[in-house]
Every structure is written in structure tokens, then in C-alpha cells.
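Worksheet: the structure to be examined is printed underneath.
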Amino acid sequence: MHIFEIDVKAKINLTLDVLYKRQDGYHEVEMIMQTISLSDRVSMRLLPKKEIRILCEAPGVPLNEENTAYKAAKLMMDKFNLDAGLEIEIKKNIPVAAGLAGGSADAAAVLMGINEIFDLKKDLGQLIKLGKIIGADVPFSIMGGTAVARGIGEKLEPLPGLKDIVVLLVKPPYFVSTKEVYSRLNVGNIIKRPDTIGIIDKIKRADVRGIAEGLCNVLEEVTFKMHPELFGIKEAMKERGALGSLMSGSGPTIYGIFESLKDAQKAAEKFNGYKNTVIITEVN
């Protein structure tokens with residue numbers, strides 16, 4: 001019997017700005033992140049022997065210590081001297097290596113699940129600090145909603161939640177390495193940056209059209225050079241009625257914001273049949 005089950009949500013970037021390269025090798029970022037209803041289900045079960053076992057049928061997901069959920073379990077077990085084994089089953093709905101923080105969401109689920117199963121009584125702030133050790137998007141995956149993320153992504157400022165916004169995701173049939181994208185980025189050459197303050201204001205006023213028009217991700221320039229067809233997907237989104245379109249994270253997923261479910265469904269037809277993963281979801 002499963003002891004603990006949790007659904008964890010994917011994220012999209014409404015903005016992504018890279019300010020400079022830090023001395024620790026990471027990049028200082030400022031981005032507005034938003035969870036969407038697309039989610040993975042993570043189930044956890046105690047094992048009699050001290051081990052961590054990952055189960056997942058999705059191709060491309062490592063079942064060893066490379067898995068972010070495994071890293072999260074090991075971190076918690078080592079830090080709190082937990083004398084038990086854990087089986088973690090991940091049902092993937094969030095595409096793998098897509099710029100949607102699927103791996104980070106799974107790690108967040110494990111941190112929250114172990115906190116609950118072992119009654120560790122760690123609050124959100126403490127879990128977010130632990131999440132930062134695993135990866136830059138894990139703190140936001142723990143918090144969810146709408147937020148500005150700064151630092152390497154771990155300094156979070158919650159914003160008023162958005163709702164009833166339809167999102168169409170198109171994920172081409174390949175992965176993009178975040179590390180490679182950042183290594184190719186020349187911060188000094190960035191021409192168009194997001195108006196973060198302006199978008200925050202529009203979020204506070206729930207101005208969906210204004211938010212859609214202000215979408216901006218400075219990594220697009222790098223990833224689009226590596227995969228020029230992504231620019232075509234973005235343009236096709238707008239041609240098919242998207243209020244705005246953007247690449248999420250370092251890619252390759254491109255999303256569009258639509259006025260209605262019907263509009264998104266009509267646009268989705270354009271992208272089926274290219275081996276793309278096409279998903280209609282909403283902000284959540």
C-alpha cells in the first residue's frame with residue numbers, strides 16, 4: 001500500500017532575465033515563474049531495508065542516483081538520520097528535459113512527502129532551503145503559484161495568483177541541455193530584456209493581455225540558434241491566435257497564452273503530427 005501520494009505541477013516562465021555570471025559559476029537570474037495544472041504523480045512507500053528505489057516507466061528518466069527525486073530522498077535521509085528505505089514511483093505527465101521543471105517538481109514532492117511520512121515538522125521555508133541544495137527550480141516547485149525568483153532561482157517573492165488562463169504547450173521531440181544554453185549565453189550581448197516590474201504590475205491587476213504581450217526570455221536567442229525551428233513554432237502560435245508566446249526555461253518547450261480553450265484547441269491541431277508533445281493546460 002502506498003503511504004503517501006502527491007501531485008506536483010510543472011512551471012512556465014513568464015519572464016527570464018540573466019543579469020550576470022556570478023563568481024560561483026552560476027548565473028544571477030530574475031524571472032517570473034508560474035505553475036500550471038499539468039502535473040506528475042509521485043507515490044512513496046516505506047521499505048524494510050535501507051535503500052532508495054526509483055520506479056518510472058517514462059523514457060529518459062534515470063532510475064539511479066542521477067534522478068532528482070533520488071537526490072532529494074538521499075538528502076533527507078542523511079540529514080535527518082532516517083533509518084528506513086523508500087520506494088518512489090513517478091508517473092510522468094510533465095515532459096522530460098523540457099524547460100518545465102518536471103525533475104524539480106518530482107524532487108519537491110519527495111522533500112514534502114518525507115517531511116510528512118516521518119513527521120519531521122519542517123516548514124515551507126526550511127524545505128525551500130533544502131530544495132536549493134538539489135537544484136535551482138526546486139524551491140519554486142515547493143512553493144508553487146506565481147512568484148518572482150532571484151539569485152539562482154531560490155530567492156522567491158510570491159505574487160497574487162493568476163487563474164483561468166489557458167496555455168498551449170508544444171514540446172519538440174528532443175532535449176536541450178540547460179548547462180549548454182547558459183555556457184553559450186553572452187550576458188553582455190543581450191539586447192531585449194523583460195520589463196519585470198511592468199509584468200509584476202500587470203499580474204497584480206490580472207491583466208492577461210498585458211502579461212501575454214510582455215512575455216520575454218533572454219535564453220531564446222541562444223536556444224533558437226541551436227534549434228531554429230523553435231522560432232517557427234513561436235510565430236505559428238501567434239498566427240494561430242495566441243495572445244503571446246514564449247520558450248519556457250532553456251527550452252525546448254514553447255507555450256502560448258490563449259483567450260479561450262476553444263482557441264487553444266484550434267491552434268493545437270496545427271502542431272499535432274510533428275512528433276511534438278502537444279498539451280493544453282492552464283495556470284494553476
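In the C-alpha cells, the first chain shown is A, the next is B, and so on; residue numbers restart at 1 for each chain, and ligands run from 1 in the order shown.
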Quiz prompt | Contacts of Cys216 (chain A) within 10 Å, only C-alpha atoms, excl. fewer than 4 positions in-chain, as a list of chain:residue names | solution =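 The contact residues come out as A:Asn13, A:Leu14, A:Thr15, A:Leu16, A:Asp17, A:Met31, A:Ile32, A:Lys192, A:Arg193, A:Pro194, A:Asp195, A:Thr196, A:Ile199, A:Ile211, A:Ala212, A:Glu220, A:Gly244, A:Ser245, A:Leu246, A:Met247, A:Ser248.
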Restrict the selected residues to all heavy atoms and save them as a short mmCIF file (atom, residue, chain, number, x, y, z; two decimals), in the first residue's frame.
data_model
loop_
_atom_site.label_atom_id
_atom_site.label_comp_id
_atom_site.auth_asym_id
_atom_site.auth_seq_id
_atom_site.Cartn_x
_atom_site.Cartn_y
_atom_site.Cartn_z
N ASN A 13 7.89 29.87 -17.50
CA ASN A 13 8.44 31.20 -17.22
C ASN A 13 7.63 32.24 -17.96
O ASN A 13 7.46 32.14 -19.17
CB ASN A 13 9.89 31.29 -17.72
CG ASN A 13 10.84 30.46 -16.90
OD1 ASN A 13 10.98 29.28 -17.12
ND2 ASN A 13 11.49 31.09 -15.94
N LEU A 14 7.14 33.23 -17.22
CA LEU A 14 6.51 34.39 -17.88
C LEU A 14 7.61 35.35 -18.31
O LEU A 14 7.49 36.04 -19.33
CB LEU A 14 5.53 35.08 -16.93
CG LEU A 14 4.37 34.19 -16.42
CD1 LEU A 14 3.49 34.97 -15.45
CD2 LEU A 14 3.54 33.65 -17.57
N THR A 15 8.68 35.41 -17.52
CA THR A 15 9.89 36.16 -17.91
C THR A 15 11.11 35.37 -17.46
O THR A 15 11.02 34.56 -16.53
CB THR A 15 9.96 37.56 -17.25
OG1 THR A 15 10.13 37.40 -15.83
CG2 THR A 15 8.74 38.39 -17.52
N LEU A 16 12.22 35.60 -18.12
CA LEU A 16 13.50 35.05 -17.67
C LEU A 16 14.59 36.02 -18.09
O LEU A 16 14.79 36.25 -19.28
CB LEU A 16 13.75 33.66 -18.27
CG LEU A 16 14.86 32.80 -17.62
CD1 LEU A 16 14.70 31.34 -17.99
CD2 LEU A 16 16.26 33.28 -17.94
N ASP A 17 15.25 36.61 -17.10
CA ASP A 17 16.34 37.54 -17.35
C ASP A 17 17.60 37.03 -16.66
O ASP A 17 17.51 36.52 -15.53
CB ASP A 17 15.97 38.94 -16.81
CG ASP A 17 16.82 40.05 -17.43
OD1 ASP A 17 17.64 39.74 -18.31
OD2 ASP A 17 16.64 41.22 -17.04
N MET A 31 13.42 36.14 -12.68
CA MET A 31 12.39 35.57 -13.55
C MET A 31 11.06 35.46 -12.83
O MET A 31 11.01 35.34 -11.60
CB MET A 31 12.84 34.20 -14.08
CG MET A 31 13.33 33.23 -13.04
SD MET A 31 14.22 31.85 -13.81
CE MET A 31 14.65 30.91 -12.34
N ILE A 32 10.01 35.51 -13.61
CA ILE A 32 8.67 35.31 -13.06
C ILE A 32 8.21 33.93 -13.48
O ILE A 32 8.19 33.60 -14.66
CB ILE A 32 7.68 36.39 -13.53
CG1 ILE A 32 8.18 37.78 -13.13
CG2 ILE A 32 6.30 36.13 -12.95
CD1 ILE A 32 7.36 38.94 -13.68
N LYS A 192 17.27 42.46 -25.83
CA LYS A 192 15.91 42.67 -25.30
C LYS A 192 15.76 41.93 -23.97
O LYS A 192 15.95 40.73 -23.90
CB LYS A 192 14.89 42.14 -26.32
CG LYS A 192 13.47 42.48 -25.93
CD LYS A 192 12.46 42.03 -26.97
CE LYS A 192 11.05 42.37 -26.53
NZ LYS A 192 10.22 41.23 -26.23
N ARG A 193 15.47 42.71 -22.94
CA ARG A 193 15.26 42.13 -21.62
C ARG A 193 13.81 42.31 -21.19
O ARG A 193 13.15 43.26 -21.63
CB ARG A 193 16.17 42.80 -20.59
CG ARG A 193 17.66 42.51 -20.79
CD ARG A 193 18.48 43.17 -19.69
NE ARG A 193 19.91 42.92 -19.84
CZ ARG A 193 20.54 41.84 -19.37
NH1 ARG A 193 19.85 40.92 -18.73
NH2 ARG A 193 21.84 41.69 -19.55
N PRO A 194 13.31 41.45 -20.30
CA PRO A 194 11.93 41.62 -19.85
C PRO A 194 11.77 42.85 -18.96
O PRO A 194 12.70 43.24 -18.26
CB PRO A 194 11.64 40.34 -19.06
CG PRO A 194 12.96 39.73 -18.75
CD PRO A 194 13.94 40.24 -19.76
N ASP A 195 10.57 43.41 -19.00
CA ASP A 195 10.20 44.50 -18.08
C ASP A 195 9.57 43.85 -16.86
O ASP A 195 8.35 43.77 -16.74
CB ASP A 195 9.23 45.46 -18.78
CG ASP A 195 8.70 46.53 -17.84
OD1 ASP A 195 9.25 46.68 -16.73
OD2 ASP A 195 7.72 47.21 -18.21
N THR A 196 10.43 43.35 -15.97
CA THR A 196 9.94 42.56 -14.82
C THR A 196 8.98 43.36 -13.97
O THR A 196 7.91 42.87 -13.58
CB THR A 196 11.13 42.06 -13.97
OG1 THR A 196 12.07 41.41 -14.85
CG2 THR A 196 10.69 41.08 -12.91
N ILE A 199 5.62 43.69 -15.69
CA ILE A 199 4.83 42.45 -15.68
C ILE A 199 4.25 42.19 -14.29
O ILE A 199 3.11 41.75 -14.15
CB ILE A 199 5.68 41.24 -16.15
CG1 ILE A 199 6.12 41.43 -17.60
CG2 ILE A 199 4.90 39.93 -16.01
CD1 ILE A 199 5.05 41.24 -18.65
N ILE A 211 0.10 40.83 -19.74
CA ILE A 211 1.10 39.82 -19.38
C ILE A 211 1.58 39.10 -20.64
O ILE A 211 2.78 38.95 -20.87
CB ILE A 211 0.51 38.79 -18.37
CG1 ILE A 211 0.20 39.46 -17.03
CG2 ILE A 211 1.46 37.60 -18.17
CD1 ILE A 211 -0.72 38.66 -16.12
N ALA A 212 0.62 38.68 -21.47
CA ALA A 212 0.95 37.93 -22.70
C ALA A 212 1.83 38.76 -23.64
O ALA A 212 2.75 38.23 -24.26
CB ALA A 212 -0.34 37.50 -23.40
N GLU A 220 16.06 32.62 -25.22
CA GLU A 220 15.53 32.25 -26.54
C GLU A 220 16.58 32.42 -27.63
O GLU A 220 16.72 31.56 -28.50
CB GLU A 220 14.30 33.11 -26.89
CG GLU A 220 13.03 32.63 -26.27
CD GLU A 220 11.80 33.38 -26.77
OE1 GLU A 220 11.96 34.48 -27.34
OE2 GLU A 220 10.70 32.86 -26.59
N GLY A 244 0.14 35.76 -26.68
CA GLY A 244 1.59 35.88 -26.55
C GLY A 244 2.17 34.49 -26.52
O GLY A 244 1.48 33.52 -26.22
N SER A 245 3.47 34.36 -26.86
CA SER A 245 4.11 33.05 -26.89
C SER A 245 5.55 33.19 -26.42
O SER A 245 6.18 34.23 -26.62
CB SER A 245 4.06 32.49 -28.32
OG SER A 245 4.73 31.25 -28.39
N LEU A 246 6.08 32.13 -25.79
CA LEU A 246 7.43 32.19 -25.22
C LEU A 246 8.00 30.79 -25.06
O LEU A 246 7.25 29.82 -24.92
CB LEU A 246 7.39 32.87 -23.83
CG LEU A 246 8.74 33.39 -23.30
CD1 LEU A 246 9.22 34.60 -24.10
CD2 LEU A 246 8.65 33.75 -21.82
N MET A 247 9.32 30.71 -25.07
CA MET A 247 10.00 29.48 -24.69
C MET A 247 10.09 29.45 -23.16
O MET A 247 10.40 30.45 -22.53
CB MET A 247 11.41 29.46 -25.29
CG MET A 247 12.22 28.22 -24.94
SD MET A 247 13.88 28.25 -25.69
CE MET A 247 14.75 29.30 -24.50
N SER A 248 9.84 28.29 -22.57
CA SER A 248 9.94 28.16 -21.12
C SER A 248 11.33 27.67 -20.72
O SER A 248 11.85 26.73 -21.33
CB SER A 248 8.88 27.19 -20.59
OG SER A 248 8.90 27.19 -19.18
#
For region 70-82 of chain A, find every residue with an atom within 9 Å (counting only C-alpha atoms), except residues of its own chain fewer than 2 positions away, and show them as a compact mmCIF listing (two decimals) with all heavy atoms, in the first residue's frame.
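Below is the file selection.txt, written as the result:
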# COMPACT_ATOMS: atom_id res chain seq x y z
N LYS A 50 17.16 -0.43 4.26
CA LYS A 50 17.57 0.96 3.99
C LYS A 50 18.10 1.07 2.56
O LYS A 50 19.26 0.72 2.28
CB LYS A 50 18.61 1.43 5.00
CG LYS A 50 18.80 2.94 4.94
CD LYS A 50 19.54 3.50 6.12
CE LYS A 50 19.64 5.01 5.99
NZ LYS A 50 20.32 5.65 7.08
N ILE A 52 17.05 3.30 -1.50
CA ILE A 52 16.16 4.21 -2.24
C ILE A 52 15.92 3.56 -3.60
O ILE A 52 16.87 3.28 -4.33
CB ILE A 52 16.78 5.61 -2.41
CG1 ILE A 52 17.05 6.26 -1.05
CG2 ILE A 52 15.86 6.50 -3.26
CD1 ILE A 52 17.97 7.46 -1.11
N ARG A 53 14.66 3.31 -3.89
CA ARG A 53 14.32 2.66 -5.16
C ARG A 53 13.42 3.59 -5.97
O ARG A 53 12.41 4.08 -5.47
CB ARG A 53 13.59 1.36 -4.84
CG ARG A 53 13.48 0.38 -6.00
CD ARG A 53 12.62 -0.81 -5.63
NE ARG A 53 13.18 -1.60 -4.54
CZ ARG A 53 12.47 -2.44 -3.78
NH1 ARG A 53 11.15 -2.56 -3.99
NH2 ARG A 53 13.04 -3.13 -2.83
N ILE A 54 13.82 3.85 -7.22
CA ILE A 54 13.02 4.71 -8.10
C ILE A 54 12.33 3.86 -9.15
O ILE A 54 12.97 3.05 -9.84
CB ILE A 54 13.92 5.76 -8.82
CG1 ILE A 54 14.71 6.60 -7.82
CG2 ILE A 54 13.08 6.65 -9.75
CD1 ILE A 54 13.97 7.67 -7.08
N LEU A 63 16.93 5.99 -13.28
CA LEU A 63 16.37 5.28 -12.13
C LEU A 63 17.42 5.08 -11.04
O LEU A 63 17.29 4.23 -10.18
CB LEU A 63 15.81 3.92 -12.58
CG LEU A 63 14.76 3.99 -13.70
CD1 LEU A 63 14.32 2.60 -14.11
CD2 LEU A 63 13.55 4.82 -13.27
N ASN A 64 18.46 5.92 -11.08
CA ASN A 64 19.57 5.78 -10.11
C ASN A 64 19.79 7.11 -9.40
O ASN A 64 18.92 7.98 -9.38
CB ASN A 64 20.83 5.32 -10.84
CG ASN A 64 21.21 6.26 -11.99
OD1 ASN A 64 20.73 7.39 -12.08
ND2 ASN A 64 22.05 5.79 -12.89
N GLU A 65 21.00 7.27 -8.84
CA GLU A 65 21.29 8.49 -8.05
C GLU A 65 21.33 9.76 -8.88
O GLU A 65 21.41 10.86 -8.34
CB GLU A 65 22.60 8.32 -7.27
CG GLU A 65 23.84 8.08 -8.10
CD GLU A 65 24.05 6.62 -8.50
OE1 GLU A 65 23.22 5.76 -8.14
OE2 GLU A 65 25.05 6.35 -9.17
N GLU A 66 21.24 9.64 -10.21
CA GLU A 66 21.16 10.83 -11.08
C GLU A 66 19.78 11.47 -11.03
O GLU A 66 19.60 12.62 -11.41
CB GLU A 66 21.47 10.44 -12.54
CG GLU A 66 22.92 10.00 -12.78
CD GLU A 66 23.90 11.11 -12.48
OE1 GLU A 66 23.74 12.21 -13.04
OE2 GLU A 66 24.81 10.90 -11.66
N ASN A 67 18.79 10.72 -10.60
CA ASN A 67 17.41 11.21 -10.56
C ASN A 67 17.26 12.24 -9.43
O ASN A 67 17.74 12.03 -8.32
CB ASN A 67 16.46 10.03 -10.33
CG ASN A 67 15.00 10.41 -10.51
OD1 ASN A 67 14.48 11.22 -9.75
ND2 ASN A 67 14.35 9.83 -11.49
N THR A 68 16.60 13.36 -9.74
CA THR A 68 16.44 14.42 -8.72
C THR A 68 15.62 13.94 -7.51
O THR A 68 15.87 14.36 -6.39
CB THR A 68 15.77 15.67 -9.32
OG1 THR A 68 14.59 15.26 -10.01
CG2 THR A 68 16.69 16.41 -10.26
N ALA A 84 15.30 4.03 7.35
CA ALA A 84 14.25 3.33 6.60
C ALA A 84 14.59 3.37 5.13
O ALA A 84 15.43 4.17 4.69
CB ALA A 84 12.90 3.99 6.85
N GLY A 85 13.94 2.51 4.38
CA GLY A 85 14.09 2.54 2.93
C GLY A 85 12.87 3.17 2.30
O GLY A 85 11.81 3.29 2.94
N LEU A 86 13.01 3.61 1.06
CA LEU A 86 11.90 4.30 0.40
C LEU A 86 11.82 3.89 -1.07
O LEU A 86 12.82 3.90 -1.78
CB LEU A 86 12.12 5.82 0.51
CG LEU A 86 10.91 6.71 0.27
CD1 LEU A 86 9.85 6.52 1.33
CD2 LEU A 86 11.34 8.18 0.23
N ILE A 88 10.09 5.09 -4.49
CA ILE A 88 9.47 6.28 -5.07
C ILE A 88 9.01 5.95 -6.48
O ILE A 88 9.84 5.61 -7.34
CB ILE A 88 10.48 7.46 -5.11
CG1 ILE A 88 10.98 7.78 -3.70
CG2 ILE A 88 9.85 8.69 -5.76
CD1 ILE A 88 12.27 8.60 -3.68
N ASP A 106 9.41 16.73 -9.13
CA ASP A 106 9.48 15.41 -8.50
C ASP A 106 10.33 15.45 -7.23
O ASP A 106 9.99 14.83 -6.22
CB ASP A 106 10.05 14.37 -9.49
CG ASP A 106 9.18 14.22 -10.74
OD1 ASP A 106 7.99 14.58 -10.68
OD2 ASP A 106 9.69 13.76 -11.77
N ALA A 107 11.45 16.19 -7.29
CA ALA A 107 12.30 16.35 -6.09
C ALA A 107 11.52 17.06 -4.98
O ALA A 107 11.60 16.67 -3.81
CB ALA A 107 13.55 17.14 -6.44
N ALA A 108 10.76 18.10 -5.37
CA ALA A 108 9.95 18.83 -4.39
C ALA A 108 8.94 17.90 -3.72
O ALA A 108 8.73 17.95 -2.50
CB ALA A 108 9.22 19.99 -5.08
N ALA A 109 8.34 17.02 -4.52
CA ALA A 109 7.36 16.06 -3.98
C ALA A 109 7.99 15.16 -2.93
O ALA A 109 7.40 14.89 -1.88
CB ALA A 109 6.80 15.22 -5.13
N VAL A 110 9.22 14.71 -3.21
CA VAL A 110 9.90 13.81 -2.27
C VAL A 110 10.24 14.53 -0.97
O VAL A 110 10.05 14.00 0.13
CB VAL A 110 11.16 13.19 -2.93
CG1 VAL A 110 11.99 12.42 -1.90
CG2 VAL A 110 10.75 12.27 -4.08
N LEU A 111 10.73 15.76 -1.06
CA LEU A 111 11.03 16.54 0.15
C LEU A 111 9.76 16.71 1.00
O LEU A 111 9.79 16.50 2.22
CB LEU A 111 11.59 17.91 -0.22
CG LEU A 111 12.96 17.95 -0.90
CD1 LEU A 111 13.33 19.38 -1.27
CD2 LEU A 111 14.05 17.36 -0.02
N ILE A 114 8.57 13.10 2.38
CA ILE A 114 9.36 12.58 3.51
C ILE A 114 9.09 13.39 4.77
O ILE A 114 9.00 12.84 5.87
CB ILE A 114 10.87 12.57 3.14
CG1 ILE A 114 11.13 11.47 2.09
CG2 ILE A 114 11.74 12.36 4.38
CD1 ILE A 114 12.55 11.41 1.57
N ASN A 115 8.92 14.69 4.61
CA ASN A 115 8.58 15.56 5.74
C ASN A 115 7.29 15.09 6.41
O ASN A 115 7.19 15.06 7.65
CB ASN A 115 8.43 17.01 5.25
CG ASN A 115 8.26 18.00 6.37
OD1 ASN A 115 8.98 17.98 7.37
ND2 ASN A 115 7.30 18.90 6.23
N PHE A 118 7.61 11.03 7.81
CA PHE A 118 8.41 10.90 9.03
C PHE A 118 8.08 11.96 10.08
O PHE A 118 8.77 12.07 11.09
CB PHE A 118 9.91 10.94 8.69
CG PHE A 118 10.36 9.73 7.91
CD1 PHE A 118 10.37 9.76 6.52
CD2 PHE A 118 10.75 8.57 8.55
CE1 PHE A 118 10.78 8.65 5.79
CE2 PHE A 118 11.16 7.45 7.83
CZ PHE A 118 11.18 7.49 6.44
N LEU A 120 8.51 15.17 10.25
CA LEU A 120 9.69 15.98 10.58
C LEU A 120 9.34 17.41 11.00
O LEU A 120 10.16 18.12 11.55
CB LEU A 120 10.65 16.01 9.38
CG LEU A 120 11.22 14.65 8.94
CD1 LEU A 120 12.05 14.81 7.68
CD2 LEU A 120 12.06 14.02 10.04
N LEU A 130 16.33 23.37 1.75
CA LEU A 130 16.82 22.04 1.37
C LEU A 130 16.71 21.85 -0.15
O LEU A 130 17.60 21.28 -0.77
CB LEU A 130 16.00 20.96 2.09
CG LEU A 130 16.22 20.85 3.60
CD1 LEU A 130 15.13 20.04 4.26
CD2 LEU A 130 17.59 20.24 3.89
N GLY A 131 15.63 22.37 -0.72
CA GLY A 131 15.42 22.25 -2.17
C GLY A 131 16.52 22.91 -2.97
O GLY A 131 16.94 22.39 -4.02
N ILE A 133 19.58 22.99 -2.39
CA ILE A 133 20.76 22.12 -2.46
C ILE A 133 20.66 21.19 -3.69
O ILE A 133 21.66 20.85 -4.31
CB ILE A 133 20.90 21.28 -1.16
CG1 ILE A 133 21.10 22.22 0.05
CG2 ILE A 133 22.03 20.27 -1.26
CD1 ILE A 133 20.91 21.55 1.39
N ILE A 134 19.44 20.82 -4.04
CA ILE A 134 19.24 19.86 -5.15
C ILE A 134 19.23 20.55 -6.51
O ILE A 134 19.82 20.07 -7.47
CB ILE A 134 17.91 19.09 -4.93
CG1 ILE A 134 17.97 18.33 -3.61
CG2 ILE A 134 17.65 18.11 -6.08
CD1 ILE A 134 16.64 18.02 -3.04
Practice problem: Name the residues in contact with Ile279 (chain A) at a cut-off of 12 Å, using only C-alpha atoms, excluding same-chain residues fewer than 3 positions from it; report them as JSON, numbers by chain. | Solution: {"A": [10, 36, 37, 38, 39, 93, 94, 95, 166, 167, 168, 169, 170, 171, 172, 253, 254, 255, 256, 261, 264, 265, 267, 268, 269, 271, 272, 276, 282]}
Based on the selection just made, write N, CA and C atoms of those residues as a JSON list (two decimals), in the first residue's frame.
[["chain", "number", "residue", "atom", "x", "y", "z"],
["A", 10, "ALA", "N", 3.99, 21.30, -13.09],
["A", 10, "ALA", "CA", 5.01, 21.88, -13.97],
["A", 10, "ALA", "C", 4.98, 23.40, -13.82],
["A", 36, "ILE", "N", 1.51, 25.46, -13.60],
["A", 36, "ILE", "CA", 0.37, 25.12, -14.47],
["A", 36, "ILE", "C", -0.22, 23.80, -13.98],
["A", 37, "SER", "N", -1.42, 23.47, -14.44],
["A", 37, "SER", "CA", -2.10, 22.31, -13.88],
["A", 37, "SER", "C", -1.51, 20.97, -14.33],
["A", 38, "LEU", "N", -0.70, 20.97, -15.39],
["A", 38, "LEU", "CA", -0.01, 19.75, -15.81],
["A", 38, "LEU", "C", 0.87, 19.25, -14.66],
["A", 39, "SER", "N", 0.71, 17.98, -14.27],
["A", 39, "SER", "CA", 1.44, 17.51, -13.09],
["A", 39, "SER", "C", 1.89, 16.06, -13.20],
["A", 93, "ASN", "N", 3.76, 12.95, -16.36],
["A", 93, "ASN", "CA", 2.92, 13.62, -17.36],
["A", 93, "ASN", "C", 3.65, 14.84, -17.91],
["A", 94, "ILE", "N", 4.56, 15.39, -17.07],
["A", 94, "ILE", "CA", 5.37, 16.54, -17.50],
["A", 94, "ILE", "C", 6.49, 16.01, -18.40],
["A", 95, "PRO", "N", 6.61, 16.51, -19.63],
["A", 95, "PRO", "CA", 7.68, 16.03, -20.50],
["A", 95, "PRO", "C", 9.06, 16.21, -19.85],
["A", 166, "VAL", "N", -5.65, 29.95, -20.22],
["A", 166, "VAL", "CA", -5.41, 28.71, -20.99],
["A", 166, "VAL", "C", -4.03, 28.78, -21.64],
["A", 167, "VAL", "N", -3.29, 27.67, -21.51],
["A", 167, "VAL", "CA", -1.92, 27.60, -22.02],
["A", 167, "VAL", "C", -1.77, 26.38, -22.93],
["A", 168, "LEU", "N", -1.22, 26.60, -24.12],
["A", 168, "LEU", "CA", -0.91, 25.51, -25.04],
["A", 168, "LEU", "C", 0.60, 25.30, -25.04],
["A", 169, "LEU", "N", 1.02, 24.06, -24.76],
["A", 169, "LEU", "CA", 2.44, 23.71, -24.74],
["A", 169, "LEU", "C", 2.78, 22.88, -25.96],
["A", 170, "VAL", "N", 3.90, 23.20, -26.58],
["A", 170, "VAL", "CA", 4.42, 22.37, -27.68],
["A", 170, "VAL", "C", 5.87, 22.04, -27.35],
["A", 171, "LYS", "N", 6.13, 20.74, -27.13],
["A", 171, "LYS", "CA", 7.49, 20.31, -26.80],
["A", 171, "LYS", "C", 8.01, 19.43, -27.94],
["A", 172, "PRO", "N", 8.99, 19.93, -28.72],
["A", 172, "PRO", "CA", 9.55, 19.14, -29.81],
["A", 172, "PRO", "C", 10.24, 17.86, -29.30],
["A", 253, "THR", "N", 10.49, 23.61, -24.87],
["A", 253, "THR", "CA", 9.04, 23.82, -24.91],
["A", 253, "THR", "C", 8.70, 25.28, -25.21],
["A", 254, "ILE", "N", 7.79, 25.45, -26.17],
["A", 254, "ILE", "CA", 7.22, 26.76, -26.48],
["A", 254, "ILE", "C", 5.77, 26.74, -26.04],
["A", 255, "TYR", "N", 5.33, 27.79, -25.39],
["A", 255, "TYR", "CA", 3.91, 27.84, -24.99],
["A", 255, "TYR", "C", 3.26, 29.10, -25.53],
["A", 256, "GLY", "N", 1.94, 29.04, -25.60],
["A", 256, "GLY", "CA", 1.15, 30.20, -25.98],
["A", 256, "GLY", "C", 0.04, 30.41, -24.97],
["A", 261, "LEU", "N", -10.35, 28.12, -24.27],
["A", 261, "LEU", "CA", -10.00, 26.72, -24.53],
["A", 261, "LEU", "C", -10.21, 26.38, -26.00],
["A", 264, "ALA", "N", -7.35, 27.57, -28.08],
["A", 264, "ALA", "CA", -6.16, 26.73, -27.87],
["A", 264, "ALA", "C", -6.30, 25.39, -28.60],
["A", 265, "GLN", "N", -7.51, 24.82, -28.55],
["A", 265, "GLN", "CA", -7.74, 23.54, -29.23],
["A", 265, "GLN", "C", -7.56, 23.67, -30.74],
["A", 267, "ALA", "N", -5.69, 25.90, -32.29],
["A", 267, "ALA", "CA", -4.25, 26.10, -32.55],
["A", 267, "ALA", "C", -3.48, 24.79, -32.40],
["A", 268, "ALA", "N", -3.90, 23.95, -31.44],
["A", 268, "ALA", "CA", -3.20, 22.68, -31.17],
["A", 268, "ALA", "C", -3.18, 21.78, -32.40],
["A", 269, "GLU", "N", -4.23, 21.84, -33.20],
["A", 269, "GLU", "CA", -4.31, 21.00, -34.40],
["A", 269, "GLU", "C", -3.12, 21.24, -35.33],
["A", 271, "PHE", "N", -0.09, 21.76, -34.57],
["A", 271, "PHE", "CA", 1.19, 21.21, -34.08],
["A", 271, "PHE", "C", 1.19, 19.69, -33.94],
["A", 272, "ASN", "N", 0.02, 19.06, -34.04],
["A", 272, "ASN", "CA", -0.02, 17.61, -33.96],
["A", 272, "ASN", "C", 0.59, 17.01, -35.23],
["A", 276, "ASN", "N", 5.75, 16.25, -32.06],
["A", 276, "ASN", "CA", 5.73, 17.16, -30.91],
["A", 276, "ASN", "C", 4.82, 16.59, -29.83],
["A", 282, "GLU", "N", -3.62, 24.88, -18.07],
["A", 282, "GLU", "CA", -3.97, 26.23, -17.61],
["A", 282, "GLU", "C", -3.10, 26.61, -16.42]]
Practice problem: Can you work out which one of A:Glu89, A:Asp83, A:Glu57, A:Glu28 has the shortest atom-to-atom distance to Glu5 (chain A), counting only C-alpha atoms? | Solution: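 Result for the nearest residue to Glu5 (chain A): A:Glu89.
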Quiz item: Which polymer residues have any atom within 6 Å of an atom of Ile152 (chain A), counting only C-alpha atoms, with same-chain residues fewer than 2 positions away left out, as a ChimeraX atom specification?
Solution: /A:28-29,136,154
Practice problem: For Gly144 (chain A), please output as a VMD selection string all residues within 12 Å (counting only C-alpha atoms; exclusion window: fewer than 6 positions along the same chain). | Solution: chain A and resid 7 to 12 32 to 37 39 101 104 to 105 108 to 109 124 128 137 to 138 156 to 162 283 to 284
